[in-house]
Amino acid sequence: MQIAPLFSRVFSAEAGPSQQAIDQRLFWGLCLLIFAVGTALRFWELSSVPLWRDEAVTLGFARLDLWTIVSKNIDNHPPLAWVIQHLWHAINPDPSAARVPAATAGSLAVLMFMLALRDLSGERTALFGGLLLAFSTSHVHYSQDARMYPFLVLGLILAAWGAIGHAQPGKLRPRTYAVLYVVGAAIAIYSHLMGLVAMAVIGFASLASGMRGEGASLYIRAWFVRNIVLFVVVLPWLILIPSAMSTFPGLADVSPALSHWYYRNVAGFPGLTALGAPFELLLLAAAALSIPVAWFARQRALAFFFLGMIIVYPMIITLLHLRPGQPILSNRAIMPVLAGVPFGAAYAFAMLKPRLAGTVLALAVSAAAIISAVTGLRHNVKLDDFGGAYAYVDAQGFGEAPILTCDHFCAAAAWENRNSATIFDYRDGGIIRYKGPEYWQV
């Protein structure tokens with residue numbers, strides 16, 4: 001049995017945007033509705049949970065001057081998130097507003113995702129993908145965290161849009177795709193170290209997609225120009241990476257056999273617990289099917305992108321985890337798959353024949369995503385809840401008692417949540433009084 005005819009019977013043989021066109025007023029109305037709901041989820045009770053220790057680190061860096069942030073190795077992470085937080089802190093220094101930049105980036109990612117998918121694959125793919133990302137449990141969670149992960153995903157979405165569009169021109173001008181690629185890649189690389197790995201995957205996928213055909217030499221030349229420009233843009237951070245990595249102690253060592261758990265936790269529906277398994281299987285099966293579907297639909301750029309971000313990237317992270325000394329396997333390291341899995345699944349659903357079947361499956365998976373995201377918001381748990389500790393102390397009548405914390409990171413978080421308290425932290429075998437942001441900057 002030949003595979004191509006089988007796929008042509010089950011999926012649309014031609015997967016261009018014209019095959020998915022729907023009424024424009026309906027599309028833009030639904031697009032704005034998905035964006036509005038996705039934004040509401042990311043801003044829902046944004047300041048209700050006290051800042052946890054890594055968020056306190058973010059605020060501590062935000063109080064530094066810009067030159068120190070961009071030129072010193074203050075952390076193993078790139079400086080973009082700290083710069084944005086610094087600028088926002090100048091506008092609103094209230095710690096309760098610290099999560100606004102992340103929530104804004106997460107909301108913007110949903111909108112850019114739908115616009116990219118509409119341009120590259122059509123309006124049905126855009127709506128299905130928008131639903132999946134808007135209600136992604138992990139994306140909502142990290143969009144409510146004053147850290148750099150929403151910026152990473154946003155950058156990868158823009159970079160993928162530019163890379164695929166350049167190899168497979170859609171509705172935009174070629175120069176626009178080049179700008180999207182360079183700007184998006186720079187945002188991703190300046191947001192998190194995993195941005196480098198993800199961009200390597202996207203970059204080589206786009207190169208492989210243009211290696212054949214009449215215009216291959218011209219495409220390869222343009223590919224090198226784009227990446228040389230990108231290299232110059234990110235060179236200041238590339239120079240700092242070796243010394244910055246020396247500040248990273250590594251995460252807890254876990255078995256690489258657990259990589260599938262982290263993958264499902266990021267791409268799937270952790271809010272559904274055991275009930276989410278069938279829907280996660282459907283989501284991931286659709287995402288995996290997008291690779292051959294795009295290939296047989298003669299959309300090589302999409303096929304290579306799906307292969308890279310759905311399969312190759314998590315495999316690379318698992319292999320990097322095996323390095324001695326600095327294991328990296330975690331939910332955060334897997335986050336870049338959010339630029340590929342929702343896209344791939346939405347693409348497969350949109351190409352499925354008959355259209356009603358694809359719509360029903362997409363809505364079923366979206367319903368699972370909605371329930372999972374709402375469950376996650378209802379729990380709204382951060383990694384260490386100092387507010388709960390304070391409530392307990394107050395209930396026992398010791399509201400004025402000193403707060404003893406495990407280290408200076410915990411002390412910083414305690415100070416951000418109650419700067420009127422007397423706070424001590426353990427350091428070098430002794431107990432030192434924490435005196436707020438000045439002490440943290442030192």
# chains A, B, ... in the order shown; residues from 1 in each chain; ligands from 1
>>> residues_around(residues="Ala198 of chain A", least_positions_apart="5", cutoff="12 Å", atoms="only C-alpha atoms", output="JSON, numbers by chain")
{"A": [152, 153, 155, 156, 157, 159, 160, 184, 185, 186, 188, 189, 191, 192, 193, 203, 204, 205, 305, 308, 309, 310, 311, 312, 313, 314, 315, 316, 317, 333, 334, 335, 336, 337, 338, 339, 340]}
>>> residues_around(residues="Val57 of chain A", least_positions_apart="2", cutoff="10 Å", atoms="only C-alpha atoms", output="PyMOL selection string")
chain A and resi 51-55+59-62+75+82+146-147+408-410+412-413+416+440
>>> select_by_dssp(residues="segment 323-384 of chain A", states="helix (DSSP H, G or I)", output="PyMOL selection string")
chain A and resi 331-339+341-351+355-379
>>> residues_around(residues="segment 283-285 of chain A", least_positions_apart="2", cutoff="8 Å", atoms="only C-alpha atoms", output="mmCIF file with all heavy atoms, in the first residue's frame")
data_model
loop_
_atom_site.group_PDB
_atom_site.id
_atom_site.type_symbol
_atom_site.label_atom_id
_atom_site.label_comp_id
_atom_site.auth_asym_id
_atom_site.auth_seq_id
_atom_site.Cartn_x
_atom_site.Cartn_y
_atom_site.Cartn_z
ATOM 1 N N GLY A 268 0.275 19.139 27.294
ATOM 2 C CA GLY A 268 -1.005 18.494 27.542
ATOM 3 C C GLY A 268 -1.900 19.222 28.519
ATOM 4 O O GLY A 268 -1.900 20.454 28.605
ATOM 5 N N PHE A 279 -7.220 12.635 25.903
ATOM 6 C CA PHE A 279 -7.168 13.879 25.142
ATOM 7 C C PHE A 279 -5.734 14.267 24.818
ATOM 8 O O PHE A 279 -5.448 14.811 23.742
ATOM 9 C CB PHE A 279 -7.865 14.996 25.927
ATOM 10 C CG PHE A 279 -9.333 14.777 26.102
ATOM 11 C CD1 PHE A 279 -9.834 14.264 27.290
ATOM 12 C CD2 PHE A 279 -10.217 15.058 25.070
ATOM 13 C CE1 PHE A 279 -11.194 14.059 27.451
ATOM 14 C CE2 PHE A 279 -11.574 14.854 25.226
ATOM 15 C CZ PHE A 279 -12.068 14.347 26.418
ATOM 16 N N GLU A 280 -4.814 14.013 25.752
ATOM 17 C CA GLU A 280 -3.395 14.256 25.464
ATOM 18 C C GLU A 280 -2.924 13.361 24.332
ATOM 19 O O GLU A 280 -2.163 13.795 23.452
ATOM 20 C CB GLU A 280 -2.560 14.025 26.716
ATOM 21 C CG GLU A 280 -2.720 15.099 27.771
ATOM 22 C CD GLU A 280 -1.889 14.829 29.007
ATOM 23 O OE1 GLU A 280 -1.332 13.722 29.134
ATOM 24 O OE2 GLU A 280 -1.791 15.732 29.852
ATOM 25 N N LEU A 281 -3.364 12.106 24.340
ATOM 26 C CA LEU A 281 -2.993 11.181 23.269
ATOM 27 C C LEU A 281 -3.517 11.685 21.924
ATOM 28 O O LEU A 281 -2.799 11.654 20.914
ATOM 29 C CB LEU A 281 -3.548 9.794 23.569
ATOM 30 C CG LEU A 281 -3.238 8.711 22.531
ATOM 31 C CD1 LEU A 281 -1.732 8.500 22.414
ATOM 32 C CD2 LEU A 281 -3.930 7.405 22.892
ATOM 33 N N ALA A 287 -0.593 16.105 16.436
ATOM 34 C CA ALA A 287 0.633 16.868 16.210
ATOM 35 C C ALA A 287 1.646 16.042 15.420
ATOM 36 O O ALA A 287 2.280 16.550 14.488
ATOM 37 C CB ALA A 287 1.219 17.312 17.544
ATOM 38 N N ALA A 288 1.810 14.780 15.782
ATOM 39 C CA ALA A 288 2.753 13.919 15.070
ATOM 40 C C ALA A 288 2.303 13.675 13.628
ATOM 41 O O ALA A 288 3.124 13.638 12.696
ATOM 42 C CB ALA A 288 2.912 12.597 15.813
ATOM 43 N N LEU A 289 0.996 13.513 13.430
ATOM 44 C CA LEU A 289 0.479 13.288 12.079
ATOM 45 C C LEU A 289 0.699 14.492 11.178
ATOM 46 O O LEU A 289 0.731 14.356 9.949
ATOM 47 C CB LEU A 289 -1.007 12.960 12.138
ATOM 48 C CG LEU A 289 -1.380 11.494 12.350
ATOM 49 C CD1 LEU A 289 -2.878 11.353 12.566
ATOM 50 C CD2 LEU A 289 -0.929 10.638 11.168
ATOM 51 N N VAL A 341 3.637 22.142 18.959
ATOM 52 C CA VAL A 341 2.571 21.156 19.189
ATOM 53 C C VAL A 341 1.189 21.717 18.871
ATOM 54 O O VAL A 341 0.424 21.088 18.121
ATOM 55 C CB VAL A 341 2.635 20.603 20.627
ATOM 56 C CG1 VAL A 341 1.413 19.740 20.923
ATOM 57 C CG2 VAL A 341 3.908 19.785 20.828
ATOM 58 N N ALA A 345 -1.017 20.124 15.757
ATOM 59 C CA ALA A 345 -2.323 19.514 15.999
ATOM 60 C C ALA A 345 -3.418 20.276 15.263
ATOM 61 O O ALA A 345 -4.305 19.675 14.639
ATOM 62 C CB ALA A 345 -2.609 19.487 17.501
ATOM 63 N N VAL A 365 -10.621 18.490 21.921
ATOM 64 C CA VAL A 365 -9.331 18.732 22.555
ATOM 65 C C VAL A 365 -9.319 20.110 23.208
ATOM 66 O O VAL A 365 -8.777 20.288 24.309
ATOM 67 C CB VAL A 365 -8.194 18.601 21.520
ATOM 68 C CG1 VAL A 365 -6.864 19.011 22.127
ATOM 69 C CG2 VAL A 365 -8.103 17.169 21.015
#
>>> atom_distance(atom1="atom CA of Phe296 of chain A", atom2="atom CA of Ala116 of chain A")
21.4 Å
>>> residues_around(residues="segment 366-374 of chain A", least_positions_apart="3", cutoff="12 Å", atoms="only C-alpha atoms", output="MDAnalysis selection string")
chainID A and resid 34 37:38 40:42 44 127:142 265:283 342 345:346 349 359:363 377:380
>>> residues_around(residues="Asn227 of chain A", least_positions_apart="2", cutoff="12 Å", atoms="only C-alpha atoms", output="PyMOL selection string")
chain A and resi 159+162-163+178-179+181-183+185-186+199-200+202-204+206-207+220-225+229-235
>>> residues_around(residues="segment 77-80 of chain A", least_positions_apart="3", cutoff="10 Å", atoms="only C-alpha atoms", output="ChimeraX atom specification")
/A:61,66,68-74,83-86,148,151-152,186-195,237-238,240-241,244-245,247-248
>>> residues_around(residues="Leu46 of chain A", least_positions_apart="2", cutoff="9 Å", atoms="only C-alpha atoms", output="ChimeraX atom specification")
/A:42-44,48-49,96-97,99-100,103,144-145
>>> atom_distance(atom1="atom CA of Asn419 of chain A", atom2="atom CA of Lys435 of chain A")
8.8 Å
>>> atom_distance(atom1="atom CA of Phe11 of chain A", atom2="atom CA of Trp28 of chain A")
25.3 Å
>>> closest_residue(among="A:Arg212, A:Arg118, A:Arg124, A:Arg25", to="Leu356 of chain A", atoms="only C-alpha atoms")
A:Arg124
>>> decode(residues="segment 167-186 of chain A", atoms="N, CA, C and O atoms", output="short mmCIF file (atom, residue, chain, number, x, y, z; two decimals), in the first residue's frame")
data_model
loop_
_atom_site.label_atom_id
_atom_site.label_comp_id
_atom_site.auth_asym_id
_atom_site.auth_seq_id
_atom_site.Cartn_x
_atom_site.Cartn_y
_atom_site.Cartn_z
N ALA A 167 10.52 30.25 3.48
CA ALA A 167 10.67 29.04 2.69
C ALA A 167 9.42 28.71 1.90
O ALA A 167 9.47 28.02 0.88
N GLN A 168 8.29 29.21 2.37
CA GLN A 168 6.99 28.87 1.78
C GLN A 168 6.15 30.14 1.78
O GLN A 168 5.29 30.33 2.64
N PRO A 169 6.41 31.06 0.87
CA PRO A 169 5.80 32.38 0.93
C PRO A 169 4.28 32.34 1.07
O PRO A 169 3.61 31.60 0.37
N GLY A 170 3.78 33.15 1.99
CA GLY A 170 2.34 33.23 2.20
C GLY A 170 1.81 34.54 1.67
O GLY A 170 1.90 34.81 0.48
N LYS A 171 1.31 35.39 2.56
CA LYS A 171 0.66 36.63 2.14
C LYS A 171 1.53 37.86 2.39
O LYS A 171 1.15 38.96 2.02
N LEU A 172 2.67 37.69 3.03
CA LEU A 172 3.51 38.83 3.38
C LEU A 172 4.67 38.97 2.41
O LEU A 172 5.01 38.04 1.67
N ARG A 173 5.31 40.13 2.44
CA ARG A 173 6.48 40.35 1.59
C ARG A 173 7.69 39.61 2.15
O ARG A 173 7.80 39.43 3.36
N PRO A 174 8.61 39.20 1.27
CA PRO A 174 9.79 38.45 1.75
C PRO A 174 10.56 39.18 2.84
O PRO A 174 11.05 38.55 3.78
N ARG A 175 10.70 40.50 2.73
CA ARG A 175 11.45 41.25 3.74
C ARG A 175 10.76 41.18 5.10
O ARG A 175 11.42 41.20 6.15
N THR A 176 9.43 41.11 5.09
CA THR A 176 8.70 41.01 6.34
C THR A 176 9.02 39.71 7.04
O THR A 176 9.20 39.68 8.27
N TYR A 177 9.13 38.62 6.28
CA TYR A 177 9.49 37.33 6.89
C TYR A 177 10.90 37.37 7.47
O TYR A 177 11.15 36.80 8.52
N ALA A 178 11.80 38.06 6.77
CA ALA A 178 13.17 38.17 7.27
C ALA A 178 13.20 38.94 8.59
O ALA A 178 13.89 38.55 9.54
N VAL A 179 12.42 40.02 8.68
CA VAL A 179 12.36 40.82 9.90
C VAL A 179 11.74 39.99 11.04
O VAL A 179 12.22 40.01 12.17
N LEU A 180 10.65 39.29 10.74
CA LEU A 180 10.01 38.44 11.75
C LEU A 180 11.00 37.41 12.30
O LEU A 180 11.06 37.16 13.51
N TYR A 181 11.76 36.82 11.40
CA TYR A 181 12.72 35.79 11.81
C TYR A 181 13.80 36.36 12.72
O TYR A 181 14.06 35.83 13.81
N VAL A 182 14.42 37.44 12.32
CA VAL A 182 15.53 38.01 13.09
C VAL A 182 15.03 38.57 14.42
O VAL A 182 15.62 38.32 15.49
N VAL A 183 13.94 39.33 14.40
CA VAL A 183 13.41 39.91 15.63
C VAL A 183 12.94 38.82 16.59
O VAL A 183 13.25 38.84 17.78
N GLY A 184 12.18 37.86 16.07
CA GLY A 184 11.69 36.78 16.92
C GLY A 184 12.82 35.95 17.50
O GLY A 184 12.82 35.62 18.70
N ALA A 185 13.80 35.61 16.68
CA ALA A 185 14.93 34.82 17.17
C ALA A 185 15.71 35.58 18.22
O ALA A 185 16.16 35.00 19.23
N ALA A 186 15.91 36.88 18.01
CA ALA A 186 16.63 37.70 19.00
C ALA A 186 15.87 37.73 20.33
O ALA A 186 16.47 37.62 21.40
#
